[in-house]
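Have a look at upload25.pdb below; it lists PDB, C-alpha atoms.
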ATOM      1  CA  MET A  89      40.822 -55.191  20.298
ATOM      2  CA  HIS A  90      42.455 -53.614  23.333
ATOM      3  CA  ALA A  91      43.614 -55.627  26.321
ATOM      4  CA  ILE A  92      45.760 -55.236  29.414
ATOM      5  CA  ARG A  93      49.048 -57.086  29.000
ATOM      6  CA  ILE A  94      51.737 -57.999  31.531
ATOM      7  CA  HIS A  95      55.161 -58.437  29.923
ATOM      8  CA  ALA A  96      57.103 -58.514  33.193
ATOM      9  CA  PHE A  97      56.052 -58.823  36.825
ATOM     10  CA  GLY A  98      56.315 -55.808  39.074
ATOM     11  CA  GLY A  99      54.337 -52.715  40.007
ATOM     12  CA  PRO A 100      50.995 -51.565  38.570
ATOM     13  CA  GLU A 101      52.875 -49.836  35.736
ATOM     14  CA  GLN A 102      53.392 -53.318  34.272
ATOM     15  CA  LEU A 103      49.697 -53.365  33.333
ATOM     16  CA  ARG A 104      49.862 -52.058  29.764
ATOM     17  CA  TYR A 105      46.873 -51.120  27.640
ATOM     18  CA  GLU A 106      47.696 -52.517  24.210
ATOM     19  CA  GLU A 107      46.124 -53.455  20.914
ATOM     20  CA  VAL A 108      46.166 -57.227  20.341
ATOM     21  CA  PRO A 109      44.554 -59.593  17.802
ATOM     22  CA  ASP A 110      40.861 -60.339  18.255
ATOM     23  CA  PRO A 111      40.206 -63.819  19.677
ATOM     24  CA  GLU A 112      37.975 -66.135  17.657
ATOM     25  CA  PRO A 113      35.659 -68.690  19.253
ATOM     26  CA  GLY A 114      36.584 -72.305  18.644
ATOM     27  CA  PRO A 115      34.093 -75.140  18.198
ATOM     28  CA  GLY A 116      31.615 -75.150  21.067
ATOM     29  CA  GLN A 117      32.552 -71.618  22.171
ATOM     30  CA  VAL A 118      31.114 -68.115  21.934
ATOM     31  CA  ARG A 119      32.841 -64.758  21.839
ATOM     32  CA  ILE A 120      31.743 -62.057  24.247
ATOM     33  CA  SER A 121      31.993 -58.357  23.554
ATOM     34  CA  VAL A 122      33.067 -57.397  27.068
ATOM     35  CA  ARG A 123      31.357 -54.511  28.829
ATOM     36  CA  ALA A 124      32.769 -55.149  32.301
ATOM     37  CA  ALA A 125      35.558 -57.233  33.824
ATOM     38  CA  GLY A 126      36.169 -58.066  37.469
ATOM     39  CA  VAL A 127      39.324 -57.175  39.395
ATOM     40  CA  HIS A 128      40.443 -59.538  42.158
ATOM     41  CA  LEU A 129      43.231 -59.489  44.723
ATOM     42  CA  LEU A 130      44.644 -62.536  42.942
ATOM     43  CA  ASP A 131      45.065 -60.339  39.865
ATOM     44  CA  THR A 132      47.208 -57.946  41.879
ATOM     45  CA  ALA A 133      49.329 -60.860  43.135
ATOM     46  CA  LEU A 134      49.698 -62.053  39.547
ATOM     47  CA  GLN A 135      50.788 -58.572  38.444
ATOM     48  CA  ARG A 136      53.488 -58.596  41.141
ATOM     49  CA  GLY A 137      54.578 -62.151  40.387
ATOM     50  CA  ALA A 138      53.831 -63.133  44.000
ATOM     51  CA  ALA A 139      53.756 -66.893  43.502
ATOM     52  CA  ASP A 140      53.261 -67.569  47.232
ATOM     53  CA  GLU A 141      49.933 -65.675  47.156
ATOM     54  CA  LEU A 142      48.475 -67.607  44.227
ATOM     55  CA  PRO A 143      46.521 -70.893  44.350
ATOM     56  CA  PHE A 144      48.032 -71.886  40.984
ATOM     57  CA  ALA A 145      51.430 -71.992  39.319
ATOM     58  CA  LEU A 146      52.688 -68.587  38.252
ATOM     59  CA  PRO A 147      52.279 -68.401  34.449
ATOM     60  CA  GLU A 148      54.948 -67.024  32.176
ATOM     61  CA  PRO A 149      54.391 -63.538  30.682
ATOM     62  CA  PRO A 150      53.236 -62.064  28.449
ATOM     63  CA  LEU A 151      49.707 -62.602  29.708
ATOM     64  CA  THR A 152      46.360 -60.900  30.240
ATOM     65  CA  PRO A 153      44.852 -61.187  33.741
ATOM     66  CA  GLY A 154      41.163 -61.329  34.555
ATOM     67  CA  ARG A 155      38.689 -63.851  35.974
ATOM     68  CA  GLU A 156      35.158 -62.566  35.290
ATOM     69  CA  VAL A 157      33.539 -60.815  32.331
ATOM     70  CA  ALA A 158      30.072 -59.604  31.372
ATOM     71  CA  GLY A 159      28.884 -58.437  27.988
ATOM     72  CA  VAL A 160      27.072 -59.446  24.817
ATOM     73  CA  VAL A 161      27.678 -62.584  22.753
ATOM     74  CA  ASP A 162      28.806 -61.289  19.350
ATOM     75  CA  ARG A 163      30.120 -64.405  17.571
ATOM     76  CA  LEU A 164      29.459 -68.140  17.684
ATOM     77  CA  GLY A 165      31.817 -71.054  17.201
ATOM     78  CA  ALA A 166      30.849 -74.158  15.281
ATOM     79  CA  GLY A 167      28.074 -76.163  16.911
ATOM     80  CA  VAL A 168      26.697 -73.386  19.117
ATOM     81  CA  GLY A 169      22.968 -72.603  18.873
ATOM     82  CA  GLU A 170      21.911 -69.323  17.276
ATOM     83  CA  GLU A 171      19.882 -68.446  20.377
ATOM     84  CA  TRP A 172      23.087 -67.301  22.082
ATOM     85  CA  LEU A 173      23.868 -64.567  19.569
ATOM     86  CA  GLY A 174      23.185 -61.116  21.022
ATOM     87  CA  ARG A 175      22.466 -62.359  24.541
ATOM     88  CA  ARG A 176      23.599 -60.401  27.590
ATOM     89  CA  VAL A 177      25.712 -62.759  29.701
ATOM     90  CA  VAL A 178      28.167 -62.994  32.562
ATOM     91  CA  THR A 179      30.709 -65.732  33.219
ATOM     92  CA  HIS A 180      33.596 -66.705  35.442
ATOM     93  CA  LEU A 181      36.573 -67.460  33.227
ATOM     94  CA  GLY A 182      38.657 -69.399  35.734
ATOM     95  CA  LEU A 183      41.775 -68.416  37.621
ATOM     96  CA  VAL A 184      43.651 -66.634  34.797
ATOM     97  CA  ASN A 185      41.913 -66.385  31.458
ATOM     98  CA  ALA A 186      42.296 -62.960  29.836
ATOM     99  CA  GLY A 187      39.334 -61.061  31.242
ATOM    100  CA  TYR A 188      40.986 -57.613  31.074
ATOM    101  CA  ALA A 189      40.096 -57.233  27.412
ATOM    102  CA  GLU A 190      37.409 -56.007  25.028
ATOM    103  CA  LEU A 191      36.688 -59.541  23.800
ATOM    104  CA  ALA A 192      36.716 -62.943  25.522
ATOM    105  CA  VAL A 193      35.747 -66.513  24.619
ATOM    106  CA  ARG A 194      33.913 -69.074  26.740
ATOM    107  CA  GLU A 195      31.749 -72.182  26.436
ATOM    108  CA  PRO A 196      27.957 -71.631  26.559
ATOM    109  CA  GLU A 197      27.509 -73.992  29.499
ATOM    110  CA  ALA A 198      29.608 -71.608  31.614
ATOM    111  CA  LEU A 199      27.473 -68.559  30.765
ATOM    112  CA  PHE A 200      24.671 -67.009  32.802
ATOM    113  CA  PRO A 201      22.085 -65.062  30.772
ATOM    114  CA  LEU A 202      21.292 -61.674  32.311
ATOM    115  CA  PRO A 203      17.937 -59.907  32.581
ATOM    116  CA  ASP A 204      17.891 -56.359  31.217
ATOM    117  CA  SER A 205      17.307 -55.091  34.761
ATOM    118  CA  LEU A 206      20.735 -56.276  35.973
ATOM    119  CA  SER A 207      23.732 -54.139  35.060
ATOM    120  CA  TYR A 208      26.939 -55.698  33.782
ATOM    121  CA  GLU A 209      28.827 -54.247  36.740
ATOM    122  CA  ALA A 210      26.429 -55.754  39.297
ATOM    123  CA  ALA A 211      26.536 -59.082  37.479
ATOM    124  CA  ILE A 212      30.339 -59.109  37.684
ATOM    125  CA  ALA A 213      30.159 -58.465  41.422
ATOM    126  CA  MET A 214      27.671 -61.267  42.012
ATOM    127  CA  VAL A 215      29.142 -64.011  39.800
ATOM    128  CA  GLY A 216      32.380 -63.966  41.777
ATOM    129  CA  THR A 217      32.089 -62.003  45.020
ATOM    130  CA  GLY A 218      28.375 -62.754  45.395
ATOM    131  CA  ARG A 219      28.856 -66.493  45.190
ATOM    132  CA  MET A 220      31.540 -66.285  47.872
ATOM    133  CA  ALA A 221      29.299 -64.204  50.129
ATOM    134  CA  LEU A 222      26.501 -66.751  49.944
ATOM    135  CA  GLY A 223      28.943 -69.593  50.558
ATOM    136  CA  VAL A 224      30.269 -67.810  53.639
ATOM    137  CA  LEU A 225      26.759 -67.012  54.845
ATOM    138  CA  ASP A 226      25.671 -70.631  54.505
ATOM    139  CA  VAL A 227      28.241 -71.682  57.120
ATOM    140  CA  ALA A 228      26.420 -69.983  59.984
ATOM    141  CA  ALA A 229      22.954 -69.291  58.530
ATOM    142  CA  PRO A 230      22.160 -66.516  61.059
ATOM    143  CA  GLY A 231      18.578 -65.868  62.074
ATOM    144  CA  PRO A 232      16.537 -63.068  63.642
ATOM    145  CA  ASP A 233      17.783 -63.776  67.171
ATOM    146  CA  ASP A 234      21.462 -63.547  66.270
ATOM    147  CA  VAL A 235      23.952 -60.736  66.700
ATOM    148  CA  VAL A 236      26.239 -60.813  63.660
ATOM    149  CA  LEU A 237      29.606 -59.052  63.406
ATOM    150  CA  VAL A 238      31.112 -58.409  59.964
ATOM    151  CA  THR A 239      34.677 -57.134  59.589
ATOM    152  CA  ALA A 240      35.678 -55.356  56.358
ATOM    153  CA  ALA A 241      32.001 -54.481  56.169
ATOM    154  CA  ALA A 242      32.490 -52.055  53.259
ATOM    155  CA  GLY A 243      34.242 -54.654  51.109
ATOM    156  CA  GLY A 244      32.685 -56.638  48.302
ATOM    157  CA  ILE A 245      31.731 -59.636  50.440
ATOM    158  CA  GLY A 246      31.232 -57.596  53.603
ATOM    159  CA  THR A 247      28.556 -55.330  52.150
ATOM    160  CA  LEU A 248      26.592 -58.368  50.985
ATOM    161  CA  LEU A 249      26.914 -60.116  54.361
ATOM    162  CA  VAL A 250      25.585 -57.009  56.127
ATOM    163  CA  GLN A 251      22.566 -56.892  53.815
ATOM    164  CA  ALA A 252      21.891 -60.624  54.023
ATOM    165  CA  ALA A 253      22.038 -60.648  57.818
ATOM    166  CA  LYS A 254      19.671 -57.658  57.998
ATOM    167  CA  ASN A 255      17.322 -59.382  55.545
ATOM    168  CA  VAL A 256      16.782 -62.233  58.036
ATOM    169  CA  GLY A 257      16.259 -59.830  60.937
ATOM    170  CA  ALA A 258      19.612 -60.242  62.697
ATOM    171  CA  THR A 259      21.244 -57.468  64.689
ATOM    172  CA  VAL A 260      24.291 -56.462  62.643
ATOM    173  CA  VAL A 261      27.571 -54.990  63.820
ATOM    174  CA  ALA A 262      29.654 -53.627  60.942
ATOM    175  CA  ALA A 263      33.372 -52.973  61.431
ATOM    176  CA  ALA A 264      35.107 -51.055  58.652
ATOM    177  CA  GLY A 265      38.291 -49.042  58.179
ATOM    178  CA  GLY A 266      37.809 -45.260  58.197
ATOM    179  CA  PRO A 267      34.823 -42.926  58.597
ATOM    180  CA  ASP A 268      33.697 -43.086  54.973
ATOM    181  CA  LYS A 269      33.487 -46.869  55.016
ATOM    182  CA  VAL A 270      31.771 -46.830  58.408
ATOM    183  CA  ALA A 271      29.165 -44.456  56.974
ATOM    184  CA  ARG A 272      28.695 -46.802  54.019
ATOM    185  CA  ALA A 273      28.116 -49.750  56.345
ATOM    186  CA  ARG A 274      25.652 -47.759  58.421
ATOM    187  CA  ALA A 275      23.747 -46.820  55.244
ATOM    188  CA  LEU A 276      23.404 -50.525  54.459
ATOM    189  CA  GLY A 277      21.389 -50.922  57.640
ATOM    190  CA  ALA A 278      23.983 -51.970  60.222
ATOM    191  CA  ASP A 279      22.643 -51.501  63.757
ATOM    192  CA  VAL A 280      26.130 -50.735  65.077
ATOM    193  CA  ALA A 281      28.910 -49.418  62.813
ATOM    194  CA  VAL A 282      32.432 -48.837  64.090
ATOM    195  CA  ASP A 283      35.874 -47.972  62.761
ATOM    196  CA  TYR A 284      38.162 -50.917  63.517
ATOM    197  CA  SER A 285      41.250 -48.785  62.946
ATOM    198  CA  LEU A 286      40.497 -47.112  66.297
ATOM    199  CA  PRO A 287      41.970 -48.744  69.425
ATOM    200  CA  ASP A 288      38.697 -48.707  71.368
ATOM    201  CA  TRP A 289      36.463 -50.194  68.682
ATOM    202  CA  ALA A 290      35.601 -53.253  70.778
ATOM    203  CA  ASP A 291      34.345 -50.999  73.581
ATOM    204  CA  ARG A 292      32.183 -49.158  71.060
ATOM    205  CA  VAL A 293      30.692 -52.450  69.915
ATOM    206  CA  ARG A 294      29.880 -53.501  73.488
ATOM    207  CA  GLU A 295      28.328 -50.113  74.196
ATOM    208  CA  GLY A 296      26.272 -50.242  71.007
ATOM    209  CA  LEU A 297      24.974 -53.731  71.813
ATOM    210  CA  GLY A 298      23.957 -52.782  75.334
ATOM    211  CA  GLY A 299      25.221 -55.960  76.927
ATOM    212  CA  ARG A 300      24.330 -58.431  74.173
ATOM    213  CA  ALA A 301      27.147 -60.672  72.944
ATOM    214  CA  VAL A 302      28.120 -61.376  69.358
ATOM    215  CA  GLY A 303      26.877 -64.793  68.249
ATOM    216  CA  VAL A 304      28.387 -64.977  64.755
ATOM    217  CA  ALA A 305      31.532 -63.213  63.523
ATOM    218  CA  PHE A 306      32.384 -63.182  59.822
ATOM    219  CA  ASP A 307      36.045 -62.210  59.474
ATOM    220  CA  SER A 308      38.275 -61.614  56.455
ATOM    221  CA  VAL A 309      40.805 -59.299  58.102
ATOM    222  CA  GLY A 310      42.622 -61.498  60.609
ATOM    223  CA  GLY A 311      45.527 -60.184  62.661
ATOM    224  CA  ALA A 312      44.711 -57.879  65.558
ATOM    225  CA  ALA A 313      41.283 -56.949  64.192
ATOM    226  CA  GLY A 314      40.361 -60.588  63.750
ATOM    227  CA  ARG A 315      41.453 -61.387  67.284
ATOM    228  CA  THR A 316      39.318 -58.547  68.641
ATOM    229  CA  ALA A 317      36.318 -59.848  66.707
ATOM    230  CA  PHE A 318      37.021 -63.321  68.099
ATOM    231  CA  GLU A 319      37.089 -61.974  71.659
ATOM    232  CA  LEU A 320      33.717 -60.246  71.155
ATOM    233  CA  LEU A 321      32.026 -63.615  70.678
ATOM    234  CA  GLY A 322      29.801 -64.853  73.483
ATOM    235  CA  HIS A 323      29.465 -68.430  74.713
ATOM    236  CA  GLY A 324      28.553 -70.829  71.923
ATOM    237  CA  GLY A 325      29.490 -68.315  69.237
ATOM    238  CA  GLN A 326      30.698 -69.036  65.711
ATOM    239  CA  PHE A 327      33.814 -67.549  64.136
ATOM    240  CA  VAL A 328      33.686 -67.817  60.332
ATOM    241  CA  VAL A 329      36.953 -67.071  58.520
ATOM    242  CA  TYR A 330      37.177 -66.286  54.804
ATOM    243  CA  GLY A 331      40.548 -64.576  54.539
ATOM    244  CA  TRP A 332      43.090 -62.380  56.329
ATOM    245  CA  SER A 333      43.663 -59.161  54.389
ATOM    246  CA  SER A 334      45.900 -57.879  57.189
ATOM    247  CA  GLY A 335      48.494 -60.419  56.100
ATOM    248  CA  ALA A 336      48.214 -62.606  59.203
ATOM    249  CA  PRO A 337      45.473 -65.040  60.232
ATOM    250  CA  THR A 338      43.637 -64.631  63.514
ATOM    251  CA  GLU A 339      45.453 -66.421  66.304
ATOM    252  CA  PHE A 340      43.615 -68.513  68.892
ATOM    253  CA  THR A 341      44.198 -71.676  70.864
ATOM    254  CA  SER A 342      42.201 -74.795  71.630
ATOM    255  CA  LYS A 343      41.835 -73.423  75.141
ATOM    256  CA  ASP A 344      40.164 -70.308  73.725
ATOM    257  CA  LEU A 345      37.613 -72.486  71.973
ATOM    258  CA  HIS A 346      37.024 -74.659  75.036
ATOM    259  CA  GLU A 347      36.479 -71.778  77.455
ATOM    260  CA  LYS A 348      33.616 -70.258  75.477
ATOM    261  CA  VAL A 349      32.494 -73.370  73.552
ATOM    262  CA  LEU A 350      33.248 -71.631  70.260
ATOM    263  CA  THR A 351      33.118 -73.026  66.729
ATOM    264  CA  VAL A 352      35.615 -71.906  64.068
ATOM    265  CA  THR A 353      35.113 -72.622  60.372
ATOM    266  CA  HIS A 354      37.107 -71.691  57.278
ATOM    267  CA  ALA A 355      34.332 -70.921  54.819
ATOM    268  CA  LEU A 356      36.114 -71.119  51.465
ATOM    269  CA  GLY A 357      38.364 -73.634  49.717
ATOM    270  CA  PRO A 358      37.160 -77.216  49.140
ATOM    271  CA  ARG A 359      34.205 -76.742  51.489
ATOM    272  CA  ILE A 360      32.451 -74.253  49.237
ATOM    273  CA  VAL A 361      32.841 -76.470  46.175
ATOM    274  CA  ARG A 362      31.147 -79.341  48.011
ATOM    275  CA  LEU A 363      28.002 -77.366  48.815
ATOM    276  CA  PRO A 364      24.813 -78.701  47.175
ATOM    277  CA  GLY A 365      24.725 -77.281  43.653
ATOM    278  CA  GLY A 366      28.424 -76.419  43.780
ATOM    279  CA  LEU A 367      29.799 -73.083  42.629
ATOM    280  CA  ARG A 368      27.280 -72.757  39.812
ATOM    281  CA  GLY A 369      24.427 -73.097  42.274
ATOM    282  CA  LEU A 370      25.885 -70.293  44.381
ATOM    283  CA  GLN A 371      26.350 -68.136  41.279
ATOM    284  CA  GLU A 372      22.742 -68.670  40.209
ATOM    285  CA  ARG A 373      21.479 -67.760  43.669
ATOM    286  CA  ALA A 374      23.696 -64.673  43.825
ATOM    287  CA  LEU A 375      22.623 -63.372  40.418
ATOM    288  CA  ALA A 376      18.964 -64.002  41.240
ATOM    289  CA  ALA A 377      19.309 -62.077  44.520
ATOM    290  CA  ALA A 378      20.778 -59.098  42.666
ATOM    291  CA  ALA A 379      18.146 -59.279  39.924
ATOM    292  CA  ASP A 380      15.253 -59.140  42.399
ATOM    293  CA  GLY A 381      16.913 -56.502  44.579
ATOM    294  CA  THR A 382      17.389 -58.716  47.635
ATOM    295  CA  LEU A 383      21.121 -57.960  47.553
ATOM    296  CA  VAL A 384      22.669 -54.840  46.023
ATOM    297  CA  PRO A 385      26.416 -55.136  45.410
ATOM    298  CA  ALA A 386      28.700 -52.174  45.926
ATOM    299  CA  VAL A 387      30.879 -51.534  42.882
ATOM    300  CA  THR A 388      33.777 -49.200  42.120
ATOM    301  CA  THR A 389      34.487 -48.862  38.401
ATOM    302  CA  PHE A 390      37.529 -47.870  36.363
ATOM    303  CA  PRO A 391      37.994 -47.732  32.588
ATOM    304  CA  LEU A 392      39.839 -50.740  31.183
ATOM    305  CA  ARG A 393      42.793 -48.550  30.184
ATOM    306  CA  ASP A 394      43.166 -47.536  33.858
ATOM    307  CA  ALA A 395      43.715 -51.053  35.186
ATOM    308  CA  ALA A 396      46.891 -49.882  36.914
ATOM    309  CA  ALA A 397      44.912 -47.283  38.877
ATOM    310  CA  ALA A 398      42.347 -49.948  39.771
ATOM    311  CA  HIS A 399      45.064 -52.231  41.175
ATOM    312  CA  THR A 400      46.628 -49.356  43.107
ATOM    313  CA  ALA A 401      43.284 -48.369  44.625
ATOM    314  CA  LEU A 402      42.392 -51.950  45.515
ATOM    315  CA  LEU A 403      45.714 -52.591  47.249
ATOM    316  CA  GLY A 404      45.457 -49.232  49.032
ATOM    317  CA  ARG A 405      41.957 -50.101  50.253
ATOM    318  CA  ALA A 406      40.658 -46.949  48.586
ATOM    319  CA  THR A 407      37.683 -48.702  46.999
ATOM    320  CA  VAL A 408      34.221 -49.745  48.138
ATOM    321  CA  GLY A 409      32.875 -53.152  47.188
ATOM    322  CA  LYS A 410      33.869 -54.965  44.015
ATOM    323  CA  VAL A 411      36.338 -53.309  41.637
ATOM    324  CA  VAL A 412      35.265 -53.551  37.990
ATOM    325  CA  LEU A 413      36.921 -52.479  34.736
ATOM    326  CA  THR A 414      34.561 -51.145  32.088
ATOM    327  CA  THR A 415      35.003 -50.637  28.364
ATOM    328  CA  GLY A 416      33.903 -47.312  26.979
ATOM    329  CA  THR A 417      34.018 -45.492  30.345
ATOM    330  CA  THR A 418      35.940 -42.215  30.313
ATOM    331  CA  GLU A 419      36.453 -41.520  33.989
ATOM    332  CA  THR A 420      36.683 -43.295  37.326
ATOM    333  CA  GLU A 421      33.354 -43.478  39.116
ATOM    334  CA  THR A 422      31.816 -45.229  42.090
ATOM    335  CA  ALA A 423      28.323 -46.672  41.968
ATOM    336  CA  SER A 424      26.182 -49.071  43.927
TER
END
Kindly present the structure from the file in structure tokens form.
Amino acid sequence: MHAIRIHAFGGPEQLRYEEVPDPEPGPGQVRISVRAAGVHLLDTALQRGAADELPFALPEPPLTPGREVAGVVDRLGAGVGEEWLGRRVVTHLGLVNAGYAELAVREPEALFPLPDSLSYEAAIAMVGTGRMALGVLDVAAPGPDDVVLVTAAAGGIGTLLVQAAKNVGATVVAAAGGPDKVARARALGADVAVDYSLPDWADRVREGLGGRAVGVAFDSVGGAAGRTAFELLGHGGQFVVYGWSSGAPTEFTSKDLHEKVLTVTHALGPRIVRLPGGLRGLQERALAAAADGTLVPAVTTFPLRDAAAAHTALLGRATVGKVVLTTGTTETETAS
């Protein structure tokens, strides 16, 4: 099979498309013929050897990155029921477990069978990014009377938060970087869509809301943009943090919280694991929402051999939604 291998940490050129031995499923495992594999920011940190950006010890190369795969079960290990053979499935492999490859192995209890109506690419987006979006959403549970602000609204989680908030009837403000991403957010149904790379974006939000205040802000950008989102909150508002892609968290003081009676919550980490049903429950809900069309993930795809280009685009914020590597694809394409 072919796989992406890292022999030394460094730039995207360290992601090498190589032929390696086929893995075989052990007892209690299945082998998956991979059709799609997810790309995560943690994979880019792993490629660079950025140990301070990883929630696990930096492994020694050579290694194959990759956290999520979708495909067809093509071989069974000892003790696995025949009903799994030929099934379309998606699974989360863990933090680093060789997903950038044409074949992968996993235990059946970690698999999610897929209906024919759900594409492999959409399944990849929902099993990882989708579960996070629902976990973030559960923190505030906005309703029809709320004004919801989403930063990075054209990102993988952001696009799902915009849709979910609109589905419950909330007024949605989408903040994204650049006109193309703003247009994407507006097409998702955002009532107000602004470019947060512009210095006056807060004024544009206030004008678009006509005097209404933001009640819930979902922020993954942090830094100056996160602070602006924080300041747009009205009295009693909620600030829900799930990252800081700018490189710096949003700064605020206890006095800030006291003056407007604000609530701040970090949505991920141990909290999300402790939710009823745990991560698997969130994954099941996310996949079901995609299967019935309630949520439609945005996906940008690259062929497996072009993993380096995928990492470059992701780090350069040149993608929309979840980045996915596909096997058998001949050119870069964007779909939703």
I'd like the contact shell of region 238-248 of chain A - 7 Å cut-off, all atoms listed in the file, skipping same-chain residues fewer than 4 positions apart - returned as a VMD selection string. chain A and resid 217 to 218 221 252 261 to 264 269 272 to 273 305 to 309 383 385 to 386 408 to 410
Any chance you could resolve the PyMOL selection byres ((chain A and resi 352) around 6) against this file and give the residues as an MDAnalysis selection string? chainID A and resid 326:328 351 353
Chain and number of each residue from the PyMOL selection byres ((chain A and resi 164) around 6), as a list of chain:residue names: A:Val118, A:Arg163, A:Gly165
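The residue that comes closest to Met214 (chain A), out of A:Pro113, A:Gly277, A:Pro196, A:Gly126 and on the basis of all atoms listed in the file, is A:Gly126.
With all atoms listed in the file taken into account, the protein and nucleic acid residues at most 12 Å from Asp162 (chain A) (excluding it and anything under 4 positions from it in its own chain) are A:Pro111, A:Glu112, A:Pro113, A:Gln117, A:Val118, A:Arg119, A:Ile120, A:Ser121, A:Val122, A:Arg123, A:Glu170, A:Glu171, A:Trp172, A:Leu173, A:Gly174, A:Arg175, A:Arg176, A:Val177, A:Glu190, A:Leu191, A:Ala192, A:Val193, A:Arg194.
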If the PyMOL selection byres ((chain A and resi 314-325) around 7) were run on this exact file, what residues would it hold? Put them as a list in words. Ala290, Ala301, Val302, Gly303, Val304, Ala305, Asp307, Val309, Gly310, Gly311, Ala312, Ala313, Gln326, Phe327, Thr338, Glu339, Lys348, Val349, Leu350 and Thr351 of chain A
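For the residues A:Ala158, A:Ala211, A:Val411, A:Ala229, ranking by smallest atom-to-atom distance to Ala374 (chain A) using all atoms listed in the file places A:Ala211 first.
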Please determine an axis-aligned box that encloses all atoms of region 91-99 of chain A listed in the file, with 5 Å added on each side, and express its centre and edge lengths in Å to one decimal as AutoDock Vina command-line options.
--center_x 50.4 --center_y -55.8 --center_z 33.2 --size_x 23.5 --size_y 16.1 --size_z 23.7
How would you write as a PyMOL selection string the residues that get within 12 Å of (20.4, -47.5, 59.2) in the file's frame, counting all atoms listed in the file? chain A and resi 250-251+254+259-262+270-281
If we count only C-alpha atoms and set the cut-off at 6 Å, which residues sit around Val178 (chain A), ignoring sequence neighbours fewer than 6 positions away in its own chain? Please answer as a VMD selection string. chain A and resid 157 to 158 199 to 200
Can you measure CA of Val329 (chain A) to CA of Tyr284 (chain A) for me? One decimal in Å is fine. 17.0 Å
Figure out the distance between CA of Gly116 (chain A) and CA of Val168 (chain A), please, to one decimal in Å. 5.6 Å
Min atom-atom distance to Leu402 (chain A) from the set A:Ile360, A:Val215, A:Ala253, A:Val387, counting all atoms listed in the file, belongs to A:Val387
Restricting the calculation to all atoms listed in the file, which member of A:Ala376, A:Val227, A:Val384, A:Ile94 is positioned closest to Pro150 (chain A)? A:Ile94
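Between CA of Thr388 (chain A) and CA of Thr152 (chain A) the separation is 20.9 Å.
Candidate residues A:Asp140, A:Ala186, A:Ala198, A:Thr407 were compared for distance to His90 (chain A), and the nearest is A:Ala186, using all atoms listed in the file.
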Could you write region 114-127 of chain A as a PDB file, in the coordinates of the input, with N, CA and C atoms rebuilt where they are missing?
ATOM      1  N   GLY A 114      36.376 -70.991  19.236  1.00  0.00           N
ATOM      2  CA  GLY A 114      36.584 -72.305  18.644  1.00  0.00           C
ATOM      3  C   GLY A 114      35.284 -73.083  18.636  1.00  0.00           C
ATOM      4  N   PRO A 115      35.294 -74.306  18.167  1.00  0.00           N
ATOM      5  CA  PRO A 115      34.093 -75.140  18.198  1.00  0.00           C
ATOM      6  C   PRO A 115      33.540 -75.264  19.616  1.00  0.00           C
ATOM      7  N   GLY A 116      32.237 -75.058  19.755  1.00  0.00           N
ATOM      8  CA  GLY A 116      31.615 -75.150  21.067  1.00  0.00           C
ATOM      9  C   GLY A 116      31.865 -73.961  21.963  1.00  0.00           C
ATOM     10  N   GLN A 117      32.299 -72.825  21.394  1.00  0.00           N
ATOM     11  CA  GLN A 117      32.552 -71.618  22.171  1.00  0.00           C
ATOM     12  C   GLN A 117      31.788 -70.437  21.596  1.00  0.00           C
ATOM     13  N   VAL A 118      31.648 -69.389  22.404  1.00  0.00           N
ATOM     14  CA  VAL A 118      31.114 -68.115  21.934  1.00  0.00           C
ATOM     15  C   VAL A 118      32.136 -67.035  22.235  1.00  0.00           C
ATOM     16  N   ARG A 119      32.019 -65.927  21.518  1.00  0.00           N
ATOM     17  CA  ARG A 119      32.841 -64.758  21.839  1.00  0.00           C
ATOM     18  C   ARG A 119      31.953 -63.710  22.480  1.00  0.00           C
ATOM     19  N   ILE A 120      32.486 -63.078  23.505  1.00  0.00           N
ATOM     20  CA  ILE A 120      31.743 -62.057  24.247  1.00  0.00           C
ATOM     21  C   ILE A 120      32.383 -60.700  24.012  1.00  0.00           C
ATOM     22  N   SER A 121      31.558 -59.746  23.605  1.00  0.00           N
ATOM     23  CA  SER A 121      31.993 -58.357  23.554  1.00  0.00           C
ATOM     24  C   SER A 121      31.889 -57.826  24.980  1.00  0.00           C
ATOM     25  N   VAL A 122      33.024 -57.656  25.627  1.00  0.00           N
ATOM     26  CA  VAL A 122      33.067 -57.397  27.068  1.00  0.00           C
ATOM     27  C   VAL A 122      32.658 -55.963  27.378  1.00  0.00           C
ATOM     28  N   ARG A 123      31.744 -55.827  28.318  1.00  0.00           N
ATOM     29  CA  ARG A 123      31.357 -54.511  28.829  1.00  0.00           C
ATOM     30  C   ARG A 123      31.964 -54.240  30.202  1.00  0.00           C
ATOM     31  N   ALA A 124      32.219 -55.309  30.959  1.00  0.00           N
ATOM     32  CA  ALA A 124      32.769 -55.149  32.301  1.00  0.00           C
ATOM     33  C   ALA A 124      33.597 -56.370  32.652  1.00  0.00           C
ATOM     34  N   ALA A 125      34.678 -56.142  33.397  1.00  0.00           N
ATOM     35  CA  ALA A 125      35.558 -57.233  33.824  1.00  0.00           C
ATOM     36  C   ALA A 125      35.904 -57.043  35.293  1.00  0.00           C
ATOM     37  N   GLY A 126      35.904 -58.140  36.044  1.00  0.00           N
ATOM     38  CA  GLY A 126      36.169 -58.066  37.469  1.00  0.00           C
ATOM     39  C   GLY A 126      37.651 -57.987  37.797  1.00  0.00           C
ATOM     40  N   VAL A 127      37.956 -57.283  38.879  1.00  0.00           N
ATOM     41  CA  VAL A 127      39.324 -57.175  39.395  1.00  0.00           C
ATOM     42  C   VAL A 127      39.358 -57.865  40.754  1.00  0.00           C
TER      43      VAL A 127
END
